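Worksheet for the structure shown next.
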Amino acid sequence: MSLLEVNNLKKIYKTRFGGQEVEALRDVNFVVEEGEFVAIMGESGSGKTTLLNILAALDKATAGKVVLSGMDLSGISEKEIATFRRDNLGFVFQEFNLLDTFSLEDNIFLPLVLAGNNYKDMRDRLAPIAEKLGITELLKKYPYEVSGGQKQRAAVARALITDPKIILADEPTGALDSKASDELLRLFSEVNAQGQTILMVTHSAKAASCAGRVLFIKDGEVFHQIYRGENSNETFYQKITETLTMLSGGGNR
């Protein structure tokens, strides 16, 4: 079942001086099925971040449509957009985006507090997530008291606690060492296996090799895509690196 549909998406920016137009996205089309784990890759300037911002309802497309669970994002009013994000999207960022003056627990609770949930409901929701992510003993600590990997696990808990339709992850391993990166990717694979849909933008072929499908963006459009199928992470990693080499060399689809 299709959860996310991106149809003929186009984004044009005008430069501040001279009014020149820059085409960040040209004609992007793809579908994400419910329960998929999809990675998006491409060179810097290819349009990945612009695409993610539009999917996150942080930016509006110049043309085309983004439909999530049958809802056209362009039809959501500015007044409703924050509620839409909170109720439908989970976010995991490279820089964690945790508030240093809040404990990990309070950082995780924040979207539920904004939604008006009561404390007991929040605690009941958090308990199994914290146990799964291995952060139960860390919840009363503050971000500056824990490691980067532990911060990122708290950020994943914050993304999961609202039971989002889709998690949007922007370079989630970018600020982590190799051990913490491996642990985060293992967690992503586990929550995806339990049915959570994930869309991840990454420069890392290793991170992308944990996904079930990889979309490659070049010059503002989907240039190519590959599926994991029955391949191991190692074999899929090799296919990803070969495709990236083709992309950088200007190869055909």
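The chains in the structure tokens are called A, B, ... from first to last as shown; in each chain the residues are counted from 1, and the ligands are counted from 1 in the order shown.
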Could you give me, as a PyMOL selection string, each residue of segment 2-241 of chain A that DSSP assigns to helix (DSSP H, G or I) when run on this structure's backbone? chain A and resi 48-55+73-75+78-88+104-114+119-133+136-138+143-145+148-160+178-193+205-208+233-241
For the contact check between segment 86-176 of chain A and segment 56-68 of chain A, emit one row per residue of segment 86-176 of chain A within 10 Å, containing the shortest atom pair and the distance in Å rounded to one decimal, counting only C-alpha atoms, chain then rising number order, as JSON lines.
{"residue": "A:Asn88", "atom": "CA", "partner": "A:Leu68", "partner_atom": "CA", "distance": 8.7}
{"residue": "A:Leu89", "atom": "CA", "partner": "A:Ala56", "partner_atom": "CA", "distance": 7.4}
{"residue": "A:Gly90", "atom": "CA", "partner": "A:Ala56", "partner_atom": "CA", "distance": 9.2}
{"residue": "A:Phe91", "atom": "CA", "partner": "A:Ala56", "partner_atom": "CA", "distance": 8.6}
{"residue": "A:Lys165", "atom": "CA", "partner": "A:Leu68", "partner_atom": "CA", "distance": 8.5}
{"residue": "A:Ile166", "atom": "CA", "partner": "A:Leu68", "partner_atom": "CA", "distance": 9.1}
{"residue": "A:Ile167", "atom": "CA", "partner": "A:Ala56", "partner_atom": "CA", "distance": 9.7}
{"residue": "A:Leu168", "atom": "CA", "partner": "A:Ala56", "partner_atom": "CA", "distance": 7.5}
Take the selection from the previous step and output its residues with all heavy atoms, as a PDB file, in the first residue's frame.
ATOM      1  N   ASN A  88       2.113  13.226  12.140  1.00  0.00           N
ATOM      2  CA  ASN A  88       2.367  12.301  11.035  1.00  0.00           C
ATOM      3  C   ASN A  88       3.835  11.987  10.769  1.00  0.00           C
ATOM      4  O   ASN A  88       4.140  10.948  10.177  1.00  0.00           O
ATOM      5  CB  ASN A  88       1.768  12.873   9.734  1.00  0.00           C
ATOM      6  CG  ASN A  88       0.266  12.948   9.775  1.00  0.00           C
ATOM      7  OD1 ASN A  88      -0.424  11.957   9.536  1.00  0.00           O
ATOM      8  ND2 ASN A  88      -0.269  14.125  10.093  1.00  0.00           N
ATOM      9  N   LEU A  89       4.732  12.871  11.207  1.00  0.00           N
ATOM     10  CA  LEU A  89       6.138  12.736  10.842  1.00  0.00           C
ATOM     11  C   LEU A  89       7.017  12.620  12.082  1.00  0.00           C
ATOM     12  O   LEU A  89       6.784  13.285  13.089  1.00  0.00           O
ATOM     13  CB  LEU A  89       6.592  13.958  10.030  1.00  0.00           C
ATOM     14  CG  LEU A  89       5.765  14.317   8.792  1.00  0.00           C
ATOM     15  CD1 LEU A  89       6.284  15.617   8.184  1.00  0.00           C
ATOM     16  CD2 LEU A  89       5.786  13.202   7.773  1.00  0.00           C
ATOM     17  N   GLY A  90       8.024  11.771  11.986  1.00  0.00           N
ATOM     18  CA  GLY A  90       9.065  11.704  13.006  1.00  0.00           C
ATOM     19  C   GLY A  90      10.373  12.143  12.380  1.00  0.00           C
ATOM     20  O   GLY A  90      10.643  11.810  11.222  1.00  0.00           O
ATOM     21  N   PHE A  91      11.173  12.892  13.114  1.00  0.00           N
ATOM     22  CA  PHE A  91      12.405  13.439  12.546  1.00  0.00           C
ATOM     23  C   PHE A  91      13.625  12.977  13.333  1.00  0.00           C
ATOM     24  O   PHE A  91      13.623  12.989  14.566  1.00  0.00           O
ATOM     25  CB  PHE A  91      12.374  14.977  12.565  1.00  0.00           C
ATOM     26  CG  PHE A  91      11.277  15.570  11.738  1.00  0.00           C
ATOM     27  CD1 PHE A  91      10.078  15.939  12.321  1.00  0.00           C
ATOM     28  CD2 PHE A  91      11.431  15.750  10.375  1.00  0.00           C
ATOM     29  CE1 PHE A  91       9.050  16.477  11.565  1.00  0.00           C
ATOM     30  CE2 PHE A  91      10.412  16.295   9.602  1.00  0.00           C
ATOM     31  CZ  PHE A  91       9.220  16.657  10.206  1.00  0.00           C
ATOM     32  N   LYS A 165       3.594   8.211  10.902  1.00  0.00           N
ATOM     33  CA  LYS A 165       3.395   7.427   9.684  1.00  0.00           C
ATOM     34  C   LYS A 165       4.738   7.142   9.005  1.00  0.00           C
ATOM     35  O   LYS A 165       4.935   6.085   8.422  1.00  0.00           O
ATOM     36  CB  LYS A 165       2.455   8.166   8.733  1.00  0.00           C
ATOM     37  CG  LYS A 165       1.007   8.221   9.211  1.00  0.00           C
ATOM     38  CD  LYS A 165       0.117   8.848   8.159  1.00  0.00           C
ATOM     39  CE  LYS A 165      -1.350   8.710   8.550  1.00  0.00           C
ATOM     40  NZ  LYS A 165      -1.690   9.451   9.766  1.00  0.00           N
ATOM     41  N   ILE A 166       5.642   8.108   9.085  1.00  0.00           N
ATOM     42  CA  ILE A 166       6.946   7.948   8.437  1.00  0.00           C
ATOM     43  C   ILE A 166       8.007   8.697   9.239  1.00  0.00           C
ATOM     44  O   ILE A 166       7.734   9.776   9.784  1.00  0.00           O
ATOM     45  CB  ILE A 166       6.896   8.456   6.970  1.00  0.00           C
ATOM     46  CG1 ILE A 166       8.188   8.127   6.227  1.00  0.00           C
ATOM     47  CG2 ILE A 166       6.572   9.941   6.894  1.00  0.00           C
ATOM     48  CD1 ILE A 166       8.079   8.342   4.717  1.00  0.00           C
ATOM     49  N   ILE A 167       9.187   8.107   9.349  1.00  0.00           N
ATOM     50  CA  ILE A 167      10.330   8.793   9.943  1.00  0.00           C
ATOM     51  C   ILE A 167      11.190   9.347   8.815  1.00  0.00           C
ATOM     52  O   ILE A 167      11.560   8.624   7.884  1.00  0.00           O
ATOM     53  CB  ILE A 167      11.167   7.838  10.823  1.00  0.00           C
ATOM     54  CG1 ILE A 167      10.438   7.555  12.132  1.00  0.00           C
ATOM     55  CG2 ILE A 167      12.544   8.439  11.119  1.00  0.00           C
ATOM     56  CD1 ILE A 167      11.186   6.632  13.071  1.00  0.00           C
ATOM     57  N   LEU A 168      11.505  10.628   8.905  1.00  0.00           N
ATOM     58  CA  LEU A 168      12.397  11.284   7.959  1.00  0.00           C
ATOM     59  C   LEU A 168      13.733  11.502   8.670  1.00  0.00           C
ATOM     60  O   LEU A 168      13.800  12.196   9.691  1.00  0.00           O
ATOM     61  CB  LEU A 168      11.811  12.626   7.503  1.00  0.00           C
ATOM     62  CG  LEU A 168      10.452  12.555   6.803  1.00  0.00           C
ATOM     63  CD1 LEU A 168       9.950  13.971   6.493  1.00  0.00           C
ATOM     64  CD2 LEU A 168      10.517  11.729   5.526  1.00  0.00           C
TER      65      LEU A 168
END
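Counting from atom CA of Ser248 of chain A, the distance to atom CA of Ala208 of chain A is 17.1 Å.
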Which residue of A:Ser2, A:Ser232, A:Gln196, A:Thr162 approaches Gly70 of chain A most closely, using only C-alpha atoms: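 Ranked by minimum distance to Gly70 of chain A, first place goes to A:Ser2.
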Hey, what's within 12 Å of segment 97-102 of chain A if we count only C-alpha atoms and toss same-chain stuff fewer than 6 positions away? As an mmCIF file with all heavy atoms, in the first residue's frame, please?
data_model
loop_
_atom_site.group_PDB
_atom_site.id
_atom_site.type_symbol
_atom_site.label_atom_id
_atom_site.label_comp_id
_atom_site.auth_asym_id
_atom_site.auth_seq_id
_atom_site.Cartn_x
_atom_site.Cartn_y
_atom_site.Cartn_z
ATOM 1 N N PHE A 91 11.173 12.892 13.114
ATOM 2 C CA PHE A 91 12.405 13.439 12.546
ATOM 3 C C PHE A 91 13.625 12.977 13.333
ATOM 4 O O PHE A 91 13.623 12.989 14.566
ATOM 5 C CB PHE A 91 12.374 14.977 12.565
ATOM 6 C CG PHE A 91 11.277 15.570 11.738
ATOM 7 C CD1 PHE A 91 10.078 15.939 12.321
ATOM 8 C CD2 PHE A 91 11.431 15.750 10.375
ATOM 9 C CE1 PHE A 91 9.050 16.477 11.565
ATOM 10 C CE2 PHE A 91 10.412 16.295 9.602
ATOM 11 C CZ PHE A 91 9.220 16.657 10.206
ATOM 12 N N ILE A 108 12.316 13.778 24.855
ATOM 13 C CA ILE A 108 11.510 12.772 24.153
ATOM 14 C C ILE A 108 10.025 13.076 24.298
ATOM 15 O O ILE A 108 9.247 12.900 23.359
ATOM 16 C CB ILE A 108 11.842 11.374 24.694
ATOM 17 C CG1 ILE A 108 13.297 11.011 24.377
ATOM 18 C CG2 ILE A 108 10.911 10.317 24.090
ATOM 19 C CD1 ILE A 108 13.827 9.819 25.171
ATOM 20 N N PHE A 109 9.638 13.566 25.480
ATOM 21 C CA PHE A 109 8.221 13.866 25.740
ATOM 22 C C PHE A 109 7.726 15.096 24.973
ATOM 23 O O PHE A 109 6.517 15.277 24.811
ATOM 24 C CB PHE A 109 8.006 14.120 27.229
ATOM 25 C CG PHE A 109 7.953 12.892 28.087
ATOM 26 C CD1 PHE A 109 8.148 12.992 29.463
ATOM 27 C CD2 PHE A 109 7.692 11.639 27.546
ATOM 28 C CE1 PHE A 109 8.092 11.863 30.269
ATOM 29 C CE2 PHE A 109 7.636 10.509 28.339
ATOM 30 C CZ PHE A 109 7.837 10.615 29.711
ATOM 31 N N LEU A 110 8.622 15.942 24.517
ATOM 32 C CA LEU A 110 8.240 17.265 24.003
ATOM 33 C C LEU A 110 7.105 17.236 22.981
ATOM 34 O O LEU A 110 6.130 17.988 23.119
ATOM 35 C CB LEU A 110 9.470 17.983 23.449
ATOM 36 C CG LEU A 110 9.294 19.465 23.127
ATOM 37 C CD1 LEU A 110 8.783 20.247 24.327
ATOM 38 C CD2 LEU A 110 10.603 20.067 22.633
ATOM 39 N N LEU A 139 17.426 8.214 31.064
ATOM 40 C CA LEU A 139 16.353 9.172 30.814
ATOM 41 C C LEU A 139 16.429 10.433 31.668
ATOM 42 O O LEU A 139 15.997 11.504 31.232
ATOM 43 C CB LEU A 139 14.989 8.502 31.004
ATOM 44 C CG LEU A 139 14.641 7.429 29.965
ATOM 45 C CD1 LEU A 139 13.319 6.746 30.315
ATOM 46 C CD2 LEU A 139 14.560 8.033 28.559
ATOM 47 N N LYS A 140 16.974 10.338 32.864
ATOM 48 C CA LYS A 140 17.055 11.516 33.735
ATOM 49 C C LYS A 140 18.318 12.340 33.494
ATOM 50 O O LYS A 140 18.498 13.409 34.080
ATOM 51 C CB LYS A 140 17.002 11.080 35.204
ATOM 52 C CG LYS A 140 15.715 10.360 35.588
ATOM 53 C CD LYS A 140 14.468 11.211 35.325
ATOM 54 C CE LYS A 140 13.203 10.483 35.754
ATOM 55 N NZ LYS A 140 11.973 11.272 35.426
ATOM 56 N N LYS A 141 19.194 11.826 32.643
ATOM 57 C CA LYS A 141 20.413 12.564 32.320
ATOM 58 C C LYS A 141 20.125 13.654 31.290
ATOM 59 O O LYS A 141 19.108 13.613 30.588
ATOM 60 C CB LYS A 141 21.482 11.613 31.783
ATOM 61 C CG LYS A 141 22.044 10.655 32.839
ATOM 62 C CD LYS A 141 23.174 9.835 32.260
ATOM 63 C CE LYS A 141 23.786 8.916 33.314
ATOM 64 N NZ LYS A 141 24.499 9.688 34.360
ATOM 65 N N TYR A 142 21.059 14.603 31.182
ATOM 66 C CA TYR A 142 20.936 15.701 30.223
ATOM 67 C C TYR A 142 21.823 15.412 29.009
ATOM 68 O O TYR A 142 22.779 14.633 29.104
ATOM 69 C CB TYR A 142 21.324 17.025 30.887
ATOM 70 C CG TYR A 142 20.285 17.498 31.877
ATOM 71 C CD1 TYR A 142 20.236 16.973 33.166
ATOM 72 C CD2 TYR A 142 19.321 18.442 31.502
ATOM 73 C CE1 TYR A 142 19.266 17.379 34.074
ATOM 74 C CE2 TYR A 142 18.349 18.860 32.396
ATOM 75 C CZ TYR A 142 18.325 18.321 33.685
ATOM 76 O OH TYR A 142 17.350 18.723 34.564
ATOM 77 N N PRO A 143 21.501 16.008 27.867
ATOM 78 C CA PRO A 143 22.277 15.715 26.654
ATOM 79 C C PRO A 143 23.789 15.858 26.816
ATOM 80 O O PRO A 143 24.555 15.072 26.253
ATOM 81 C CB PRO A 143 21.723 16.724 25.638
ATOM 82 C CG PRO A 143 20.305 16.929 26.068
ATOM 83 C CD PRO A 143 20.350 16.887 27.572
ATOM 84 N N TYR A 144 24.231 16.857 27.586
ATOM 85 C CA TYR A 144 25.677 17.070 27.750
ATOM 86 C C TYR A 144 26.328 16.000 28.639
ATOM 87 O O TYR A 144 27.548 15.962 28.770
ATOM 88 C CB TYR A 144 25.973 18.470 28.299
ATOM 89 C CG TYR A 144 25.256 18.820 29.592
ATOM 90 C CD1 TYR A 144 25.763 18.396 30.825
ATOM 91 C CD2 TYR A 144 24.085 19.559 29.569
ATOM 92 C CE1 TYR A 144 25.108 18.707 32.006
ATOM 93 C CE2 TYR A 144 23.432 19.878 30.752
ATOM 94 C CZ TYR A 144 23.937 19.453 31.965
ATOM 95 O OH TYR A 144 23.290 19.758 33.133
ATOM 96 N N GLU A 145 25.515 15.122 29.236
ATOM 97 C CA GLU A 145 26.049 14.079 30.108
ATOM 98 C C GLU A 145 26.176 12.722 29.417
ATOM 99 O O GLU A 145 26.624 11.761 30.034
ATOM 100 C CB GLU A 145 25.150 13.917 31.346
ATOM 101 C CG GLU A 145 25.072 15.145 32.231
ATOM 102 C CD GLU A 145 24.157 14.952 33.419
ATOM 103 O OE1 GLU A 145 22.965 14.642 33.214
ATOM 104 O OE2 GLU A 145 24.634 15.108 34.557
ATOM 105 N N VAL A 146 25.761 12.642 28.150
ATOM 106 C CA VAL A 146 25.769 11.349 27.460
ATOM 107 C C VAL A 146 26.543 11.455 26.142
ATOM 108 O O VAL A 146 26.860 12.552 25.669
ATOM 109 C CB VAL A 146 24.329 10.840 27.187
ATOM 110 C CG1 VAL A 146 23.560 10.679 28.493
ATOM 111 C CG2 VAL A 146 23.577 11.783 26.240
ATOM 112 N N GLY A 148 27.422 10.823 21.958
ATOM 113 C CA GLY A 148 26.700 11.133 20.725
ATOM 114 C C GLY A 148 25.731 10.027 20.332
ATOM 115 O O GLY A 148 24.604 10.288 19.909
ATOM 116 N N GLN A 150 24.252 7.915 22.323
ATOM 117 C CA GLN A 150 23.120 7.929 23.254
ATOM 118 C C GLN A 150 22.173 9.091 22.951
ATOM 119 O O GLN A 150 20.951 8.949 23.064
ATOM 120 C CB GLN A 150 23.649 8.008 24.687
ATOM 121 C CG GLN A 150 24.347 6.726 25.125
ATOM 122 C CD GLN A 150 25.157 6.887 26.390
ATOM 123 O OE1 GLN A 150 25.597 7.993 26.744
ATOM 124 N NE2 GLN A 150 25.381 5.789 27.102
ATOM 125 N N LYS A 151 22.734 10.230 22.564
ATOM 126 C CA LYS A 151 21.882 11.351 22.147
ATOM 127 C C LYS A 151 21.033 10.956 20.945
ATOM 128 O O LYS A 151 19.833 11.266 20.884
ATOM 129 C CB LYS A 151 22.742 12.566 21.769
ATOM 130 C CG LYS A 151 23.413 13.276 22.914
ATOM 131 C CD LYS A 151 24.246 14.429 22.368
ATOM 132 C CE LYS A 151 25.112 15.047 23.437
ATOM 133 N NZ LYS A 151 25.972 16.112 22.904
ATOM 134 N N GLN A 152 21.663 10.268 19.977
ATOM 135 C CA GLN A 152 20.924 9.910 18.773
ATOM 136 C C GLN A 152 19.831 8.884 19.076
ATOM 137 O O GLN A 152 18.758 8.917 18.483
ATOM 138 C CB GLN A 152 21.879 9.400 17.689
ATOM 139 C CG GLN A 152 21.285 9.365 16.281
ATOM 140 C CD GLN A 152 20.822 10.719 15.771
ATOM 141 O OE1 GLN A 152 19.884 11.319 16.323
ATOM 142 N NE2 GLN A 152 21.456 11.196 14.721
ATOM 143 N N ARG A 153 20.088 7.987 20.032
ATOM 144 C CA ARG A 153 19.048 7.042 20.423
ATOM 145 C C ARG A 153 17.875 7.771 21.086
ATOM 146 O O ARG A 153 16.711 7.416 20.868
ATOM 147 C CB ARG A 153 19.627 5.972 21.362
ATOM 148 C CG ARG A 153 20.312 4.846 20.602
ATOM 149 C CD ARG A 153 20.737 3.738 21.533
ATOM 150 N NE ARG A 153 22.053 3.990 22.095
ATOM 151 C CZ ARG A 153 22.539 3.377 23.149
ATOM 152 N NH1 ARG A 153 21.813 2.469 23.780
ATOM 153 N NH2 ARG A 153 23.755 3.651 23.592
ATOM 154 N N ALA A 154 18.179 8.802 21.863
ATOM 155 C CA ALA A 154 17.110 9.617 22.450
ATOM 156 C C ALA A 154 16.319 10.326 21.352
ATOM 157 O O ALA A 154 15.090 10.440 21.422
ATOM 158 C CB ALA A 154 17.699 10.635 23.428
ATOM 159 N N ALA A 155 17.035 10.806 20.318
ATOM 160 C CA ALA A 155 16.363 11.468 19.199
ATOM 161 C C ALA A 155 15.461 10.489 18.444
ATOM 162 O O ALA A 155 14.368 10.854 17.994
ATOM 163 C CB ALA A 155 17.396 12.071 18.249
ATOM 164 N N VAL A 156 15.910 9.237 18.313
ATOM 165 C CA VAL A 156 15.075 8.213 17.668
ATOM 166 C C VAL A 156 13.834 7.944 18.518
ATOM 167 O O VAL A 156 12.725 7.807 17.991
ATOM 168 C CB VAL A 156 15.880 6.916 17.444
ATOM 169 C CG1 VAL A 156 14.964 5.795 16.951
ATOM 170 C CG2 VAL A 156 16.999 7.151 16.434
ATOM 171 N N ALA A 157 14.016 7.891 19.845
ATOM 172 C CA ALA A 157 12.869 7.691 20.741
ATOM 173 C C ALA A 157 11.859 8.826 20.587
ATOM 174 O O ALA A 157 10.642 8.595 20.556
ATOM 175 C CB ALA A 157 13.350 7.606 22.190
ATOM 176 N N ARG A 158 12.353 10.057 20.482
ATOM 177 C CA ARG A 158 11.467 11.215 20.292
ATOM 178 C C ARG A 158 10.706 11.096 18.970
ATOM 179 O O ARG A 158 9.528 11.464 18.879
ATOM 180 C CB ARG A 158 12.296 12.504 20.304
ATOM 181 C CG ARG A 158 11.479 13.779 20.158
ATOM 182 C CD ARG A 158 12.388 14.999 20.109
ATOM 183 N NE ARG A 158 13.378 14.884 19.040
ATOM 184 C CZ ARG A 158 14.445 15.640 18.931
ATOM 185 N NH1 ARG A 158 14.693 16.583 19.828
ATOM 186 N NH2 ARG A 158 15.300 15.474 17.923
ATOM 187 N N ALA A 159 11.368 10.569 17.941
ATOM 188 C CA ALA A 159 10.710 10.396 16.644
ATOM 189 C C ALA A 159 9.643 9.299 16.704
ATOM 190 O O ALA A 159 8.602 9.397 16.060
ATOM 191 C CB ALA A 159 11.746 10.064 15.569
ATOM 192 N N ASP A 170 17.693 12.729 8.394
ATOM 193 C CA ASP A 170 18.609 13.545 7.604
ATOM 194 C C ASP A 170 20.037 13.314 8.090
ATOM 195 O O ASP A 170 20.422 13.788 9.160
ATOM 196 C CB ASP A 170 18.238 15.027 7.751
ATOM 197 C CG ASP A 170 19.068 15.930 6.848
ATOM 198 O OD1 ASP A 170 19.772 15.405 5.962
ATOM 199 O OD2 ASP A 170 19.003 17.155 7.026
ATOM 200 N N PRO A 172 21.524 10.783 9.574
ATOM 201 C CA PRO A 172 21.455 10.447 11.008
ATOM 202 C C PRO A 172 22.744 9.903 11.589
ATOM 203 O O PRO A 172 22.938 9.940 12.806
ATOM 204 C CB PRO A 172 20.340 9.398 11.059
ATOM 205 C CG PRO A 172 20.356 8.762 9.705
ATOM 206 C CD PRO A 172 20.679 9.885 8.767
ATOM 207 N N ALA A 175 27.112 12.555 12.557
ATOM 208 C CA ALA A 175 27.874 13.069 13.703
ATOM 209 C C ALA A 175 28.306 11.953 14.654
ATOM 210 O O ALA A 175 28.713 12.226 15.774
ATOM 211 C CB ALA A 175 27.032 14.096 14.465
#
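Distances here use only C-alpha atoms; by that measure, the residue among A:Ile217, A:Leu244, A:Asp182, A:Thr83 closest to Gly45 of chain A is A:Ile217.
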As a VMD selection string, please: the residues near Phe223 of chain A (cut-off 12 Å, only C-alpha atoms, same-chain neighbours under 2 positions excluded). chain A and resid 25 to 30 40 to 43 46 to 47 214 to 221 225 to 226 243 to 244 246 to 248 250 to 253
Between atom CA of Gly174 of chain A and atom CA of Glu131 of chain A, what is the spacing in Å? 24.4 Å
Here is a test: counting only C-alpha atoms, which residue of A:Thr50, A:Asn8, A:Thr136, A:Thr202 is nearest to Gln94 of chain A?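 Nearest candidate to Gln94 of chain A out of A:Thr50, A:Asn8, A:Thr136, A:Thr202: A:Thr202.
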I need the residue nearest Thr197 of chain A from this list: A:Val32, A:Leu55, A:Ile135, A:Val22. Use only C-alpha atoms for the distance.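 Checking each candidate against Thr197 of chain A, we get A:Val32 as the closest.
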